[in-house]
Amino acid sequence: MVIKKSVMVKAQYIFYIIGIIFLFSTLAYFAYEYLFSLSNGAKTIILVCLTVISFFVADYLSERDL
């Protein structure tokens, strides 16, 4: 069975969207469960850093077709 390339590209975008949703839900859970004792400024800095790092890793992996 032959799968067209356009179908694969659409499936790839769906998986990226699902991955981003899981990323944000993981960050929200992390913030809710483990960061109560930190100040709001520290929480914000940690979450922004984790989000930026995750997007760079995702971009690197997509460039390498991994």
# chains A, B, ... in the order shown; residues from 1 in each chain; ligands from 1

call {"tool": "select_by_dssp", "arguments": {"residues": "chain A", "states": "alpha helix (DSSP H)", "output": "PyMOL selection string"}}
result
chain A and resi 5-34+40-63

call {"tool": "residues_around", "arguments": {"residues": "Lys43 (chain A)", "least_positions_apart": "4", "cutoff": "12 Å", "atoms": "only C-alpha atoms", "output": "ChimeraX atom specification"}}
result
/A:27-28,30-39,47-50

call {"tool": "residues_around", "arguments": {"residues": "Ile20 (chain A)", "least_positions_apart": "6", "cutoff": "12 Å", "atoms": "only C-alpha atoms", "output": "MDAnalysis selection string"}}
result
chainID A and resid 13:14 26:27 51 54:55 58:59

call {"tool": "atom_distance", "arguments": {"atom1": "CA of Gly41 (chain A)", "atom2": "CA of Phe22 (chain A)"}}
result
23.8 Å

call {"tool": "closest_residue", "arguments": {"among": "A:Gln12, A:Asp65, A:Ile18, A:Phe24", "to": "Val52 (chain A)", "atoms": "only C-alpha atoms"}}
result
A:Phe24

call {"tool": "atom_distance", "arguments": {"atom1": "CA of Leu23 (chain A)", "atom2": "CA of Lys10 (chain A)"}}
result
20.0 Å

call {"tool": "atom_distance", "arguments": {"atom1": "CA of Ile21 (chain A)", "atom2": "CA of Leu61 (chain A)"}}
result
17.3 Å
